[in-house]
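Chemist: First the structure, then my questions, so here it is.
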There are 2 protein chains.
Amino acid sequence: MRPRGGRGARCRRMVRPGHWGVHARVERFSEPALLLLLRERATHGYELLEALPSLTGEARVDMGNLYRVLRALEEDGLVTSRWEAGAPGPAKRTYELTAEGKRLLDEWASALRRSRERIDTFLDRYEGR
Amino acid sequence: MRPRGGRGARCRRMVRPGHWGVHARVERFSEPALLLLLRERATHGYELLEALPSLTGEARVDMGNLYRVLRALEEDGLVTSRWEAGAPGPAKRTYELTAEGKRLLDEWASALRRSRERIDTFLDRYEGR
DNA sequence: GTACACATGTGTGTTTTACATATAGGAGGT
DNA sequence: ACCTCCTATATGTAAAACACACATGTGTAC
């Protein structure tokens, strides 16, 4: 890699003197998002990449990491994949959710409900209630 | 450091074969939590450490990182600190929120509301609505 | 032929979190 | 005196999560 001047994006950064920009993101949120999209329909990485912002709200899905997440999910038996033949254009690897992957999605949903409650607790206290 | 057998805790881990445990945590959530506690009352690190679980919901606040976050906040002018004299026992460094720190807390609150909405979007779609 | 959209990847630096350890004051027991 | 425990602040470092850059190949439009 060539040396670069830019530094990695941070969760909190000064956008201009005395002004802060904050992103409150859920850790590894791309994983449950992928699982949910795959529960709706088996599809390939590039399409998931385009569909993710509708779930995550931001366009910040890194394709490099996306493909790594998909491979990790497959290693853990949470999705299966096969090369899609027949279609014109570049080869596509289609991913499908397994039963265990479905159970993991359920766990994520519970975890996200708990996370939402913690945020509510925080906001209630912030608003002085 | 001595070699250790344990590996770092992960966001997702297999608790037993075919069973997954998930934690959906907001990145850097300890920062807004500290700011909120300091808005309520100026106090020192160790007390913040004990008060944090009431906001974060989990007992997983690392004291090492807590003190580093406090120092980072001070470097950025978001809190000020002074050594507390007079009291018996080990010296305490008392932290106080600045006006700019208050503004950052407001930014965090907005960011957390947006985060909450993203979680809602996900859960609505998960539940098929 | 070259520019662009599609499609799947690897390499690597940065940020954030987790775990271990160091240092020190005071209280209470033996 | 010595030991243990609670309070209090801090550093060292490894792992996990994330961001950014680059490599490779197919097909379509100009």
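Naming scheme: A, B, ... for chains in displayed order of the structure tokens; residues 1 onward per chain; ligands 1 onward as shown.
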Pull the alpha helix (DSSP H) assignments for range 3-122 of chain A out of DSSP run on the backbone, and list those residues as an MDAnalysis selection string.
Modeler: chainID A and resid 30:40 45:51 53:56 63:75 99:122
Chemist: Residues at most 12 Å from DG29 in chain C, counting only C-alpha atoms (C1' of nucleotides), excluding those fewer than 4 positions away in the same chain, as a ChimeraX atom specification?
Modeler: /D:2-5
Chemist: Create the file for the chosen residues now, containing C-alpha atoms (C1' of nucleotides) and written as a PDB file, in the first residue's frame.
Modeler:
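Done, and the output landed in selection.pdb:
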```pdb
ATOM      1  C1'  DC D   2       2.047  -8.171  57.574  1.00  0.00           C
ATOM      2  C1'  DC D   3      -1.799  -9.345  54.777  1.00  0.00           C
ATOM      3  C1'  DT D   4      -6.062  -8.567  52.404  1.00  0.00           C
ATOM      4  C1'  DC D   5      -9.515  -5.805  50.576  1.00  0.00           C
TER       5       DC D   5
END
```
Chemist: Residues of chain A that approach chain C to 9 Å or less, counting only C-alpha atoms (C1' of nucleotides): could you list each one with the shortest pair of atoms and its distance in Å to one decimal, rows by chain and increasing residue number, as a tab-separated table?
Modeler:
```
residue	atom	partner	partner_atom	distance
A:Met1	CA	C:DT12	C1'	6.8
A:Arg7	CA	C:DT14	C1'	6.9
A:Gly8	CA	C:DT14	C1'	5.3
A:Ala9	CA	C:DT15	C1'	8.1
A:Arg10	CA	C:DT15	C1'	6.9
A:Cys11	CA	C:DT15	C1'	8.6
A:Gly45	CA	C:DA7	C1'	8.1
A:Tyr46	CA	C:DA7	C1'	6.4
A:Gly64	CA	C:DG9	C1'	7.4
A:Tyr67	CA	C:DG9	C1'	7.5
A:Arg68	CA	C:DG9	C1'	8.9
A:Gly89	CA	C:DC6	C1'	7.3
A:Pro90	CA	C:DA7	C1'	5.6
A:Ala91	CA	C:DA7	C1'	6.8
A:Lys92	CA	C:DA7	C1'	6.6
A:Arg93	CA	C:DT8	C1'	8.4
```
Chemist: Report chain B as a CSV table (one decimal) with N, CA and C atoms, in the first residue's frame in the frame of chain A, after least-squares superposition over all C-alpha atoms paired in order.
Modeler:
```csv
chain,number,residue,atom,x,y,z
B,1,MET,N,1.0,-1.0,0.1
B,1,MET,CA,0.1,0.2,0.2
B,1,MET,C,0.9,1.4,0.1
B,2,ARG,N,0.5,2.4,-0.6
B,2,ARG,CA,1.2,3.7,-0.7
B,2,ARG,C,0.8,4.5,0.6
B,3,PRO,N,1.7,5.3,1.0
B,3,PRO,CA,1.3,6.2,2.1
B,3,PRO,C,0.1,7.1,1.7
B,4,ARG,N,-0.8,7.2,2.7
B,4,ARG,CA,-2.0,8.1,2.4
B,4,ARG,C,-2.0,9.2,3.4
B,5,GLY,N,-2.6,10.3,3.0
B,5,GLY,CA,-2.8,11.4,3.9
B,5,GLY,C,-4.0,11.2,4.8
B,6,GLY,N,-5.0,10.7,4.3
B,6,GLY,CA,-6.3,10.6,5.0
B,6,GLY,C,-6.2,9.6,6.1
B,7,ARG,N,-7.0,9.9,7.2
B,7,ARG,CA,-7.1,8.9,8.3
B,7,ARG,C,-8.4,8.3,8.4
B,8,GLY,N,-8.5,7.2,9.1
B,8,GLY,CA,-9.8,6.5,9.1
B,8,GLY,C,-10.9,7.3,9.7
B,9,ALA,N,-12.1,7.1,9.2
B,9,ALA,CA,-13.2,7.8,9.7
B,9,ALA,C,-13.5,7.4,11.1
B,10,ARG,N,-13.9,8.4,11.9
B,10,ARG,CA,-14.1,8.1,13.3
B,10,ARG,C,-15.6,8.2,13.6
B,11,CYS,N,-16.0,7.7,14.7
B,11,CYS,CA,-17.4,7.7,15.2
B,11,CYS,C,-17.7,9.1,15.6
B,12,ARG,N,-16.8,9.8,16.2
B,12,ARG,CA,-17.0,11.3,16.5
B,12,ARG,C,-15.8,12.0,15.9
B,13,ARG,N,-16.2,13.1,15.2
B,13,ARG,CA,-15.1,14.0,14.6
B,13,ARG,C,-15.6,15.4,14.6
B,14,MET,N,-14.6,16.3,14.6
B,14,MET,CA,-14.9,17.8,14.6
B,14,MET,C,-15.1,18.2,13.1
B,15,VAL,N,-16.3,18.6,12.8
B,15,VAL,CA,-16.6,19.0,11.4
B,15,VAL,C,-16.1,20.4,11.1
B,16,ARG,N,-16.2,21.2,12.1
B,16,ARG,CA,-15.6,22.5,12.1
B,16,ARG,C,-15.4,23.0,13.5
B,17,PRO,N,-14.5,24.0,13.7
B,17,PRO,CA,-14.2,24.3,15.1
B,17,PRO,C,-15.4,24.5,16.0
B,18,GLY,N,-15.4,23.7,17.1
B,18,GLY,CA,-16.5,23.7,18.0
B,18,GLY,C,-17.8,23.0,17.6
B,19,HIS,N,-17.7,22.3,16.5
B,19,HIS,CA,-18.8,21.6,16.0
B,19,HIS,C,-18.5,20.1,15.8
B,20,TRP,N,-19.3,19.2,16.4
B,20,TRP,CA,-19.0,17.8,16.3
B,20,TRP,C,-20.1,17.1,15.5
B,21,GLY,N,-19.6,16.1,14.8
B,21,GLY,CA,-20.5,15.2,14.0
B,21,GLY,C,-20.4,13.8,14.7
B,22,VAL,N,-21.5,13.2,14.9
B,22,VAL,CA,-21.5,11.9,15.6
B,22,VAL,C,-22.3,10.9,14.8
B,23,HIS,N,-21.8,9.6,14.8
B,23,HIS,CA,-22.6,8.5,14.2
B,23,HIS,C,-22.7,7.5,15.3
B,24,ALA,N,-24.0,7.2,15.7
B,24,ALA,CA,-24.2,6.2,16.7
B,24,ALA,C,-24.6,4.9,15.9
B,25,ARG,N,-23.7,4.0,15.7
B,25,ARG,CA,-23.9,2.9,14.9
B,25,ARG,C,-23.9,1.6,15.7
B,26,VAL,N,-24.7,0.6,15.4
B,26,VAL,CA,-24.7,-0.7,16.1
B,26,VAL,C,-23.5,-1.5,15.5
B,27,GLU,N,-22.7,-2.1,16.4
B,27,GLU,CA,-21.6,-2.9,15.9
B,27,GLU,C,-22.1,-4.0,15.0
B,28,ARG,N,-21.4,-4.2,13.9
B,28,ARG,CA,-21.6,-5.4,13.0
B,28,ARG,C,-23.0,-5.4,12.5
B,29,PHE,N,-23.7,-4.3,12.4
B,29,PHE,CA,-25.1,-4.2,12.0
B,29,PHE,C,-25.3,-4.8,10.6
B,30,SER,N,-24.2,-4.8,9.8
B,30,SER,CA,-24.4,-5.4,8.4
B,30,SER,C,-24.7,-6.9,8.5
B,31,GLU,N,-24.3,-7.5,9.5
B,31,GLU,CA,-24.6,-9.0,9.6
B,31,GLU,C,-26.1,-9.3,9.7
B,32,PRO,N,-26.8,-8.7,10.7
B,32,PRO,CA,-28.2,-9.0,10.7
B,32,PRO,C,-28.9,-8.5,9.5
B,33,ALA,N,-28.4,-7.4,8.9
B,33,ALA,CA,-29.1,-6.8,7.7
B,33,ALA,C,-28.9,-7.8,6.6
B,34,LEU,N,-27.8,-8.4,6.4
B,34,LEU,CA,-27.6,-9.4,5.4
B,34,LEU,C,-28.5,-10.6,5.6
B,35,LEU,N,-28.6,-11.1,6.8
B,35,LEU,CA,-29.4,-12.3,7.1
B,35,LEU,C,-30.8,-12.0,6.8
B,36,LEU,N,-31.3,-10.8,7.2
B,36,LEU,CA,-32.7,-10.5,6.9
B,36,LEU,C,-33.0,-10.4,5.4
B,37,LEU,N,-32.1,-9.8,4.6
B,37,LEU,CA,-32.3,-9.7,3.2
B,37,LEU,C,-32.3,-11.1,2.6
B,38,LEU,N,-31.4,-12.0,3.1
B,38,LEU,CA,-31.3,-13.3,2.6
B,38,LEU,C,-32.5,-14.2,3.0
B,39,ARG,N,-33.2,-13.8,4.1
B,39,ARG,CA,-34.4,-14.5,4.5
B,39,ARG,C,-35.5,-14.2,3.5
B,40,GLU,N,-35.5,-13.0,3.0
B,40,GLU,CA,-36.5,-12.6,2.1
B,40,GLU,C,-36.3,-13.2,0.7
B,41,ARG,N,-35.0,-13.3,0.3
B,41,ARG,CA,-34.7,-13.9,-1.0
B,41,ARG,C,-33.3,-14.2,-1.1
B,42,ALA,N,-33.0,-15.4,-1.6
B,42,ALA,CA,-31.6,-15.8,-1.9
B,42,ALA,C,-31.1,-15.0,-3.0
B,43,THR,N,-29.9,-14.4,-2.9
B,43,THR,CA,-29.3,-13.6,-3.9
B,43,THR,C,-27.8,-13.5,-3.8
B,44,HIS,N,-27.2,-12.7,-4.6
B,44,HIS,CA,-25.7,-12.6,-4.6
B,44,HIS,C,-25.2,-11.3,-4.0
B,45,GLY,N,-23.9,-11.3,-3.7
B,45,GLY,CA,-23.3,-10.2,-3.0
B,45,GLY,C,-23.5,-8.8,-3.5
B,46,TYR,N,-23.3,-8.6,-4.8
B,46,TYR,CA,-23.5,-7.3,-5.3
B,46,TYR,C,-24.9,-6.7,-5.1
B,47,GLU,N,-25.8,-7.6,-5.2
B,47,GLU,CA,-27.2,-7.1,-5.1
B,47,GLU,C,-27.5,-6.8,-3.6
B,48,LEU,N,-26.9,-7.6,-2.7
B,48,LEU,CA,-27.0,-7.3,-1.3
B,48,LEU,C,-26.4,-6.0,-1.0
B,49,LEU,N,-25.3,-5.7,-1.6
B,49,LEU,CA,-24.6,-4.4,-1.4
B,49,LEU,C,-25.5,-3.3,-1.8
B,50,GLU,N,-26.3,-3.4,-2.8
B,50,GLU,CA,-27.2,-2.3,-3.2
B,50,GLU,C,-28.4,-2.2,-2.4
B,51,ALA,N,-28.8,-3.4,-1.8
B,51,ALA,CA,-30.0,-3.4,-1.0
B,51,ALA,C,-29.8,-3.0,0.4
B,52,LEU,N,-28.5,-3.1,0.9
B,52,LEU,CA,-28.2,-2.8,2.3
B,52,LEU,C,-28.6,-1.4,2.8
B,53,PRO,N,-28.3,-0.4,2.0
B,53,PRO,CA,-28.6,1.0,2.5
B,53,PRO,C,-30.1,1.2,2.9
B,54,SER,N,-31.0,0.4,2.3
B,54,SER,CA,-32.4,0.5,2.6
B,54,SER,C,-32.6,0.1,4.1
B,55,LEU,N,-31.7,-0.8,4.6
B,55,LEU,CA,-31.9,-1.2,6.0
B,55,LEU,C,-31.0,-0.5,6.9
B,56,THR,N,-29.8,-0.2,6.5
B,56,THR,CA,-28.8,0.5,7.4
B,56,THR,C,-29.0,2.0,7.4
B,57,GLY,N,-29.7,2.6,6.4
B,57,GLY,CA,-30.0,4.0,6.4
B,57,GLY,C,-28.8,4.8,5.9
B,58,GLU,N,-27.6,4.2,5.8
B,58,GLU,CA,-26.5,5.0,5.3
B,58,GLU,C,-25.9,4.2,4.1
B,59,ALA,N,-25.2,4.9,3.3
B,59,ALA,CA,-24.6,4.3,2.1
B,59,ALA,C,-23.3,3.7,2.4
B,60,ARG,N,-23.0,3.6,3.7
B,60,ARG,CA,-21.6,3.2,4.1
B,60,ARG,C,-21.4,1.7,4.3
B,61,VAL,N,-21.7,0.9,3.3
B,61,VAL,CA,-21.4,-0.5,3.3
B,61,VAL,C,-20.2,-0.8,2.5
B,62,ASP,N,-19.2,-1.3,3.1
B,62,ASP,CA,-17.9,-1.5,2.5
B,62,ASP,C,-18.0,-2.9,1.8
B,63,MET,N,-17.8,-2.8,0.5
B,63,MET,CA,-18.0,-4.1,-0.3
B,63,MET,C,-16.9,-5.1,0.1
B,64,GLY,N,-15.7,-4.7,0.3
B,64,GLY,CA,-14.6,-5.6,0.7
B,64,GLY,C,-15.0,-6.4,2.0
B,65,ASN,N,-15.5,-5.7,3.0
B,65,ASN,CA,-15.9,-6.3,4.2
B,65,ASN,C,-17.2,-7.1,4.0
B,66,LEU,N,-18.0,-6.7,3.1
B,66,LEU,CA,-19.3,-7.4,2.9
B,66,LEU,C,-19.0,-8.8,2.4
B,67,TYR,N,-18.1,-9.0,1.5
B,67,TYR,CA,-17.7,-10.3,1.0
B,67,TYR,C,-17.1,-11.1,2.1
B,68,ARG,N,-16.3,-10.5,2.9
B,68,ARG,CA,-15.7,-11.2,4.0
B,68,ARG,C,-16.7,-11.7,5.0
B,69,VAL,N,-17.7,-10.9,5.3
B,69,VAL,CA,-18.8,-11.3,6.2
B,69,VAL,C,-19.5,-12.5,5.6
B,70,LEU,N,-19.8,-12.4,4.3
B,70,LEU,CA,-20.5,-13.5,3.7
B,70,LEU,C,-19.7,-14.8,3.8
B,71,ARG,N,-18.4,-14.7,3.6
B,71,ARG,CA,-17.6,-15.9,3.7
B,71,ARG,C,-17.6,-16.5,5.1
B,72,ALA,N,-17.5,-15.5,6.1
B,72,ALA,CA,-17.5,-16.0,7.5
B,72,ALA,C,-18.8,-16.6,7.9
B,73,LEU,N,-19.9,-16.1,7.3
B,73,LEU,CA,-21.2,-16.7,7.6
B,73,LEU,C,-21.3,-18.1,7.0
B,74,GLU,N,-20.7,-18.3,5.8
B,74,GLU,CA,-20.7,-19.6,5.2
B,74,GLU,C,-19.9,-20.6,6.0
B,75,GLU,N,-18.7,-20.1,6.5
B,75,GLU,CA,-17.8,-21.0,7.3
B,75,GLU,C,-18.5,-21.5,8.5
B,76,ASP,N,-19.4,-20.6,9.1
B,76,ASP,CA,-20.1,-21.0,10.3
B,76,ASP,C,-21.4,-21.7,10.0
B,77,GLY,N,-21.7,-22.0,8.7
B,77,GLY,CA,-22.9,-22.8,8.4
B,77,GLY,C,-24.2,-22.0,8.4
B,78,LEU,N,-24.1,-20.7,8.4
B,78,LEU,CA,-25.3,-19.8,8.5
B,78,LEU,C,-25.9,-19.5,7.1
B,79,VAL,N,-25.1,-19.6,6.1
B,79,VAL,CA,-25.5,-19.4,4.7
B,79,VAL,C,-24.8,-20.5,3.9
B,80,THR,N,-25.4,-20.8,2.7
B,80,THR,CA,-24.7,-21.6,1.8
B,80,THR,C,-24.6,-20.8,0.5
B,81,SER,N,-23.7,-21.2,-0.4
B,81,SER,CA,-23.5,-20.5,-1.6
B,81,SER,C,-23.3,-21.4,-2.8
B,82,ARG,N,-23.7,-21.0,-4.0
B,82,ARG,CA,-23.3,-21.7,-5.2
B,82,ARG,C,-23.1,-20.7,-6.3
B,83,TRP,N,-22.2,-21.1,-7.2
B,83,TRP,CA,-21.9,-20.2,-8.4
B,83,TRP,C,-23.1,-20.3,-9.3
B,84,GLU,N,-23.6,-19.1,-9.7
B,84,GLU,CA,-24.7,-19.1,-10.6
B,84,GLU,C,-24.3,-19.2,-12.0
B,85,ALA,N,-24.7,-20.2,-12.8
B,85,ALA,CA,-24.3,-20.4,-14.2
B,85,ALA,C,-25.4,-19.9,-15.1
B,86,GLY,N,-25.1,-19.8,-16.3
B,86,GLY,CA,-26.2,-19.4,-17.3
B,86,GLY,C,-26.3,-18.0,-17.6
B,87,ALA,N,-26.3,-17.1,-16.6
B,87,ALA,CA,-26.5,-15.7,-16.8
B,87,ALA,C,-25.2,-15.1,-17.5
B,88,PRO,N,-25.5,-14.1,-18.4
B,88,PRO,CA,-24.4,-13.4,-19.0
B,88,PRO,C,-23.7,-12.5,-18.0
B,89,GLY,N,-22.5,-12.0,-18.3
B,89,GLY,CA,-21.8,-11.1,-17.4
B,89,GLY,C,-20.9,-11.9,-16.4
B,90,PRO,N,-20.3,-11.2,-15.5
B,90,PRO,CA,-19.4,-11.9,-14.5
B,90,PRO,C,-20.2,-12.9,-13.7
B,91,ALA,N,-19.5,-14.0,-13.3
B,91,ALA,CA,-20.1,-15.0,-12.5
B,91,ALA,C,-20.6,-14.4,-11.1
B,92,LYS,N,-21.7,-15.0,-10.7
B,92,LYS,CA,-22.3,-14.5,-9.4
B,92,LYS,C,-22.4,-15.7,-8.5
B,93,ARG,N,-22.1,-15.4,-7.2
B,93,ARG,CA,-22.2,-16.4,-6.2
B,93,ARG,C,-23.5,-16.1,-5.4
B,94,THR,N,-24.4,-17.0,-5.5
B,94,THR,CA,-25.7,-16.8,-4.9
B,94,THR,C,-25.7,-17.4,-3.5
B,95,TYR,N,-26.1,-16.6,-2.5
B,95,TYR,CA,-26.2,-17.0,-1.1
B,95,TYR,C,-27.6,-17.4,-0.7
B,96,GLU,N,-27.7,-18.4,0.2
B,96,GLU,CA,-29.0,-18.8,0.7
B,96,GLU,C,-28.9,-19.0,2.2
B,97,LEU,N,-29.9,-18.6,2.9
B,97,LEU,CA,-29.9,-18.7,4.4
B,97,LEU,C,-30.2,-20.1,4.8
B,98,THR,N,-29.5,-20.6,5.8
B,98,THR,CA,-29.7,-22.0,6.3
B,98,THR,C,-30.7,-21.9,7.5
B,99,ALA,N,-31.1,-23.0,8.0
B,99,ALA,CA,-32.0,-23.0,9.2
B,99,ALA,C,-31.2,-22.4,10.4
B,100,GLU,N,-29.9,-22.7,10.5
B,100,GLU,CA,-29.2,-22.1,11.6
B,100,GLU,C,-29.0,-20.6,11.4
B,101,GLY,N,-28.8,-20.2,10.2
B,101,GLY,CA,-28.8,-18.7,9.9
B,101,GLY,C,-30.0,-18.0,10.3
B,102,LYS,N,-31.2,-18.7,10.1
B,102,LYS,CA,-32.4,-18.1,10.5
B,102,LYS,C,-32.5,-18.0,12.1
B,103,ARG,N,-32.0,-18.9,12.8
B,103,ARG,CA,-31.9,-18.8,14.2
B,103,ARG,C,-31.0,-17.7,14.7
B,104,LEU,N,-29.9,-17.5,14.0
B,104,LEU,CA,-29.0,-16.4,14.3
B,104,LEU,C,-29.7,-15.1,14.1
B,105,LEU,N,-30.5,-15.0,13.0
B,105,LEU,CA,-31.2,-13.8,12.7
B,105,LEU,C,-32.2,-13.5,13.9
B,106,ASP,N,-32.8,-14.5,14.4
B,106,ASP,CA,-33.8,-14.3,15.5
B,106,ASP,C,-33.0,-13.8,16.7
B,107,GLU,N,-31.8,-14.3,17.0
B,107,GLU,CA,-31.0,-13.8,18.1
B,107,GLU,C,-30.7,-12.4,17.9
B,108,TRP,N,-30.3,-12.0,16.7
B,108,TRP,CA,-30.0,-10.6,16.4
B,108,TRP,C,-31.2,-9.7,16.6
B,109,ALA,N,-32.4,-10.2,16.3
B,109,ALA,CA,-33.6,-9.4,16.5
B,109,ALA,C,-33.8,-9.1,18.0
B,110,SER,N,-33.6,-10.2,18.8
B,110,SER,CA,-33.7,-10.0,20.2
B,110,SER,C,-32.7,-9.0,20.7
B,111,ALA,N,-31.5,-9.2,20.3
B,111,ALA,CA,-30.4,-8.3,20.7
B,111,ALA,C,-30.7,-6.9,20.4
B,112,LEU,N,-31.2,-6.7,19.2
B,112,LEU,CA,-31.5,-5.3,18.7
B,112,LEU,C,-32.7,-4.7,19.5
B,113,ARG,N,-33.6,-5.5,19.9
B,113,ARG,CA,-34.7,-5.0,20.8
B,113,ARG,C,-34.1,-4.5,22.1
B,114,ARG,N,-33.2,-5.3,22.7
B,114,ARG,CA,-32.5,-4.9,23.9
B,114,ARG,C,-31.7,-3.6,23.7
B,115,SER,N,-31.1,-3.6,22.6
B,115,SER,CA,-30.3,-2.4,22.3
B,115,SER,C,-31.2,-1.1,22.2
B,116,ARG,N,-32.3,-1.3,21.6
B,116,ARG,CA,-33.3,-0.2,21.5
B,116,ARG,C,-33.8,0.2,22.9
B,117,GLU,N,-34.0,-0.7,23.7
B,117,GLU,CA,-34.4,-0.3,25.1
B,117,GLU,C,-33.3,0.5,25.8
B,118,ARG,N,-32.0,0.1,25.6
B,118,ARG,CA,-31.0,0.8,26.3
B,118,ARG,C,-30.9,2.2,25.7
B,119,ILE,N,-31.1,2.4,24.4
B,119,ILE,CA,-31.2,3.8,23.8
B,119,ILE,C,-32.3,4.6,24.4
B,120,ASP,N,-33.5,3.9,24.6
B,120,ASP,CA,-34.6,4.6,25.2
B,120,ASP,C,-34.3,5.0,26.6
B,121,THR,N,-33.7,4.2,27.4
B,121,THR,CA,-33.3,4.5,28.7
B,121,THR,C,-32.4,5.7,28.7
B,122,PHE,N,-31.5,5.7,27.8
B,122,PHE,CA,-30.5,6.9,27.7
B,122,PHE,C,-31.3,8.1,27.4
B,123,LEU,N,-32.1,8.1,26.4
B,123,LEU,CA,-32.8,9.3,25.9
B,123,LEU,C,-33.8,9.8,26.9
B,124,ASP,N,-34.5,8.9,27.6
B,124,ASP,CA,-35.4,9.3,28.7
B,124,ASP,C,-34.7,10.1,29.7
B,125,ARG,N,-33.5,9.6,30.1
B,125,ARG,CA,-32.7,10.3,31.1
B,125,ARG,C,-32.2,11.6,30.6
B,126,TYR,N,-31.8,11.6,29.3
B,126,TYR,CA,-31.3,12.8,28.7
B,126,TYR,C,-32.3,13.9,28.7
B,127,GLU,N,-33.6,13.5,28.4
B,127,GLU,CA,-34.6,14.4,28.3
B,127,GLU,C,-35.2,14.8,29.7
B,128,GLY,N,-34.6,14.2,30.7
B,128,GLY,CA,-34.9,14.5,32.1
B,128,GLY,C,-36.2,13.9,32.6
B,129,ARG,N,-36.5,12.7,32.1
B,129,ARG,CA,-37.8,12.1,32.5
B,129,ARG,C,-37.5,10.9,33.5
```
Chemist: For chain D, list the residues within 8 Å of chain B, counting only C-alpha atoms (C1' of nucleotides), and write the list as a ChimeraX atom specification.
Modeler: /D:7-10,12-13,15-16
Chemist: Let's have the selection written as a PDB file, in the first residue's frame, with N, CA and C atoms (P, O5', C5', C4', C3', O3' and C1' of nucleotides).
Modeler:
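This is the output file selection-v9.pdb:
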```
ATOM      1  P    DT D   7     -15.381  -0.044  47.299  1.00  0.00           P
ATOM      2  O5'  DT D   7     -14.319   1.127  47.032  1.00  0.00           O
ATOM      3  C5'  DT D   7     -14.166   2.151  47.991  1.00  0.00           C
ATOM      4  C4'  DT D   7     -12.944   2.994  47.684  1.00  0.00           C
ATOM      5  C3'  DT D   7     -13.037   3.824  46.399  1.00  0.00           C
ATOM      6  O3'  DT D   7     -13.000   5.188  46.748  1.00  0.00           O
ATOM      7  C1'  DT D   7     -10.915   2.764  46.608  1.00  0.00           C
ATOM      8  P    DA D   8     -13.492   6.327  45.713  1.00  0.00           P
ATOM      9  O5'  DA D   8     -12.329   6.393  44.612  1.00  0.00           O
ATOM     10  C5'  DA D   8     -11.136   7.114  44.894  1.00  0.00           C
ATOM     11  C4'  DA D   8     -10.076   6.847  43.842  1.00  0.00           C
ATOM     12  C3'  DA D   8     -10.477   6.938  42.380  1.00  0.00           C
ATOM     13  O3'  DA D   8     -10.270   8.288  41.938  1.00  0.00           O
ATOM     14  C1'  DA D   8      -8.747   5.323  42.817  1.00  0.00           C
ATOM     15  P    DT D   9     -10.494   8.666  40.340  1.00  0.00           P
ATOM     16  O5'  DT D   9      -9.082   8.273  39.684  1.00  0.00           O
ATOM     17  C5'  DT D   9      -7.892   8.855  40.211  1.00  0.00           C
ATOM     18  C4'  DT D   9      -6.681   8.328  39.479  1.00  0.00           C
ATOM     19  C3'  DT D   9      -6.734   8.457  37.956  1.00  0.00           C
ATOM     20  O3'  DT D   9      -5.635   9.217  37.502  1.00  0.00           O
ATOM     21  C1'  DT D   9      -6.022   6.297  38.588  1.00  0.00           C
ATOM     22  P    DA D  10      -5.582   9.761  35.996  1.00  0.00           P
ATOM     23  O5'  DA D  10      -4.869   8.550  35.246  1.00  0.00           O
ATOM     24  C5'  DA D  10      -3.524   8.324  35.601  1.00  0.00           C
ATOM     25  C4'  DA D  10      -3.077   6.962  35.170  1.00  0.00           C
ATOM     26  C3'  DA D  10      -3.061   6.704  33.661  1.00  0.00           C
ATOM     27  O3'  DA D  10      -1.822   7.158  33.123  1.00  0.00           O
ATOM     28  C1'  DA D  10      -3.466   4.749  35.006  1.00  0.00           C
ATOM     29  P    DG D  12       2.844   2.717  28.739  1.00  0.00           P
ATOM     30  O5'  DG D  12       2.574   1.170  28.437  1.00  0.00           O
ATOM     31  C5'  DG D  12       2.735   0.212  29.459  1.00  0.00           C
ATOM     32  C4'  DG D  12       2.520  -1.189  28.885  1.00  0.00           C
ATOM     33  C3'  DG D  12       2.735  -1.310  27.375  1.00  0.00           C
ATOM     34  O3'  DG D  12       3.356  -2.566  27.118  1.00  0.00           O
ATOM     35  C1'  DG D  12       0.510  -1.915  27.899  1.00  0.00           C
ATOM     36  P    DT D  13       3.885  -2.948  25.654  1.00  0.00           P
ATOM     37  O5'  DT D  13       2.680  -3.810  25.067  1.00  0.00           O
ATOM     38  C5'  DT D  13       2.222  -4.926  25.809  1.00  0.00           C
ATOM     39  C4'  DT D  13       0.952  -5.488  25.215  1.00  0.00           C
ATOM     40  C3'  DT D  13       0.951  -5.579  23.677  1.00  0.00           C
ATOM     41  O3'  DT D  13       0.471  -6.858  23.354  1.00  0.00           O
ATOM     42  C1'  DT D  13      -1.038  -4.648  24.436  1.00  0.00           C
ATOM     43  P    DA D  15      -3.847 -11.728  19.691  1.00  0.00           P
ATOM     44  O5'  DA D  15      -5.396 -11.429  19.529  1.00  0.00           O
ATOM     45  C5'  DA D  15      -6.249 -11.546  20.645  1.00  0.00           C
ATOM     46  C4'  DA D  15      -7.532 -10.806  20.381  1.00  0.00           C
ATOM     47  C3'  DA D  15      -8.169 -11.146  19.037  1.00  0.00           C
ATOM     48  O3'  DA D  15      -9.522 -11.419  19.296  1.00  0.00           O
ATOM     49  C1'  DA D  15      -7.992  -8.807  19.288  1.00  0.00           C
ATOM     50  P    DA D  16     -10.444 -12.129  18.188  1.00  0.00           P
ATOM     51  O5'  DA D  16     -11.454 -10.978  17.769  1.00  0.00           O
ATOM     52  C5'  DA D  16     -12.228 -10.350  18.773  1.00  0.00           C
ATOM     53  C4'  DA D  16     -12.777  -9.060  18.266  1.00  0.00           C
ATOM     54  C3'  DA D  16     -13.573  -9.179  16.965  1.00  0.00           C
ATOM     55  O3'  DA D  16     -14.860  -8.680  17.234  1.00  0.00           O
ATOM     56  C1'  DA D  16     -12.037  -7.362  16.870  1.00  0.00           C
TER      57       DA D  16
END
```
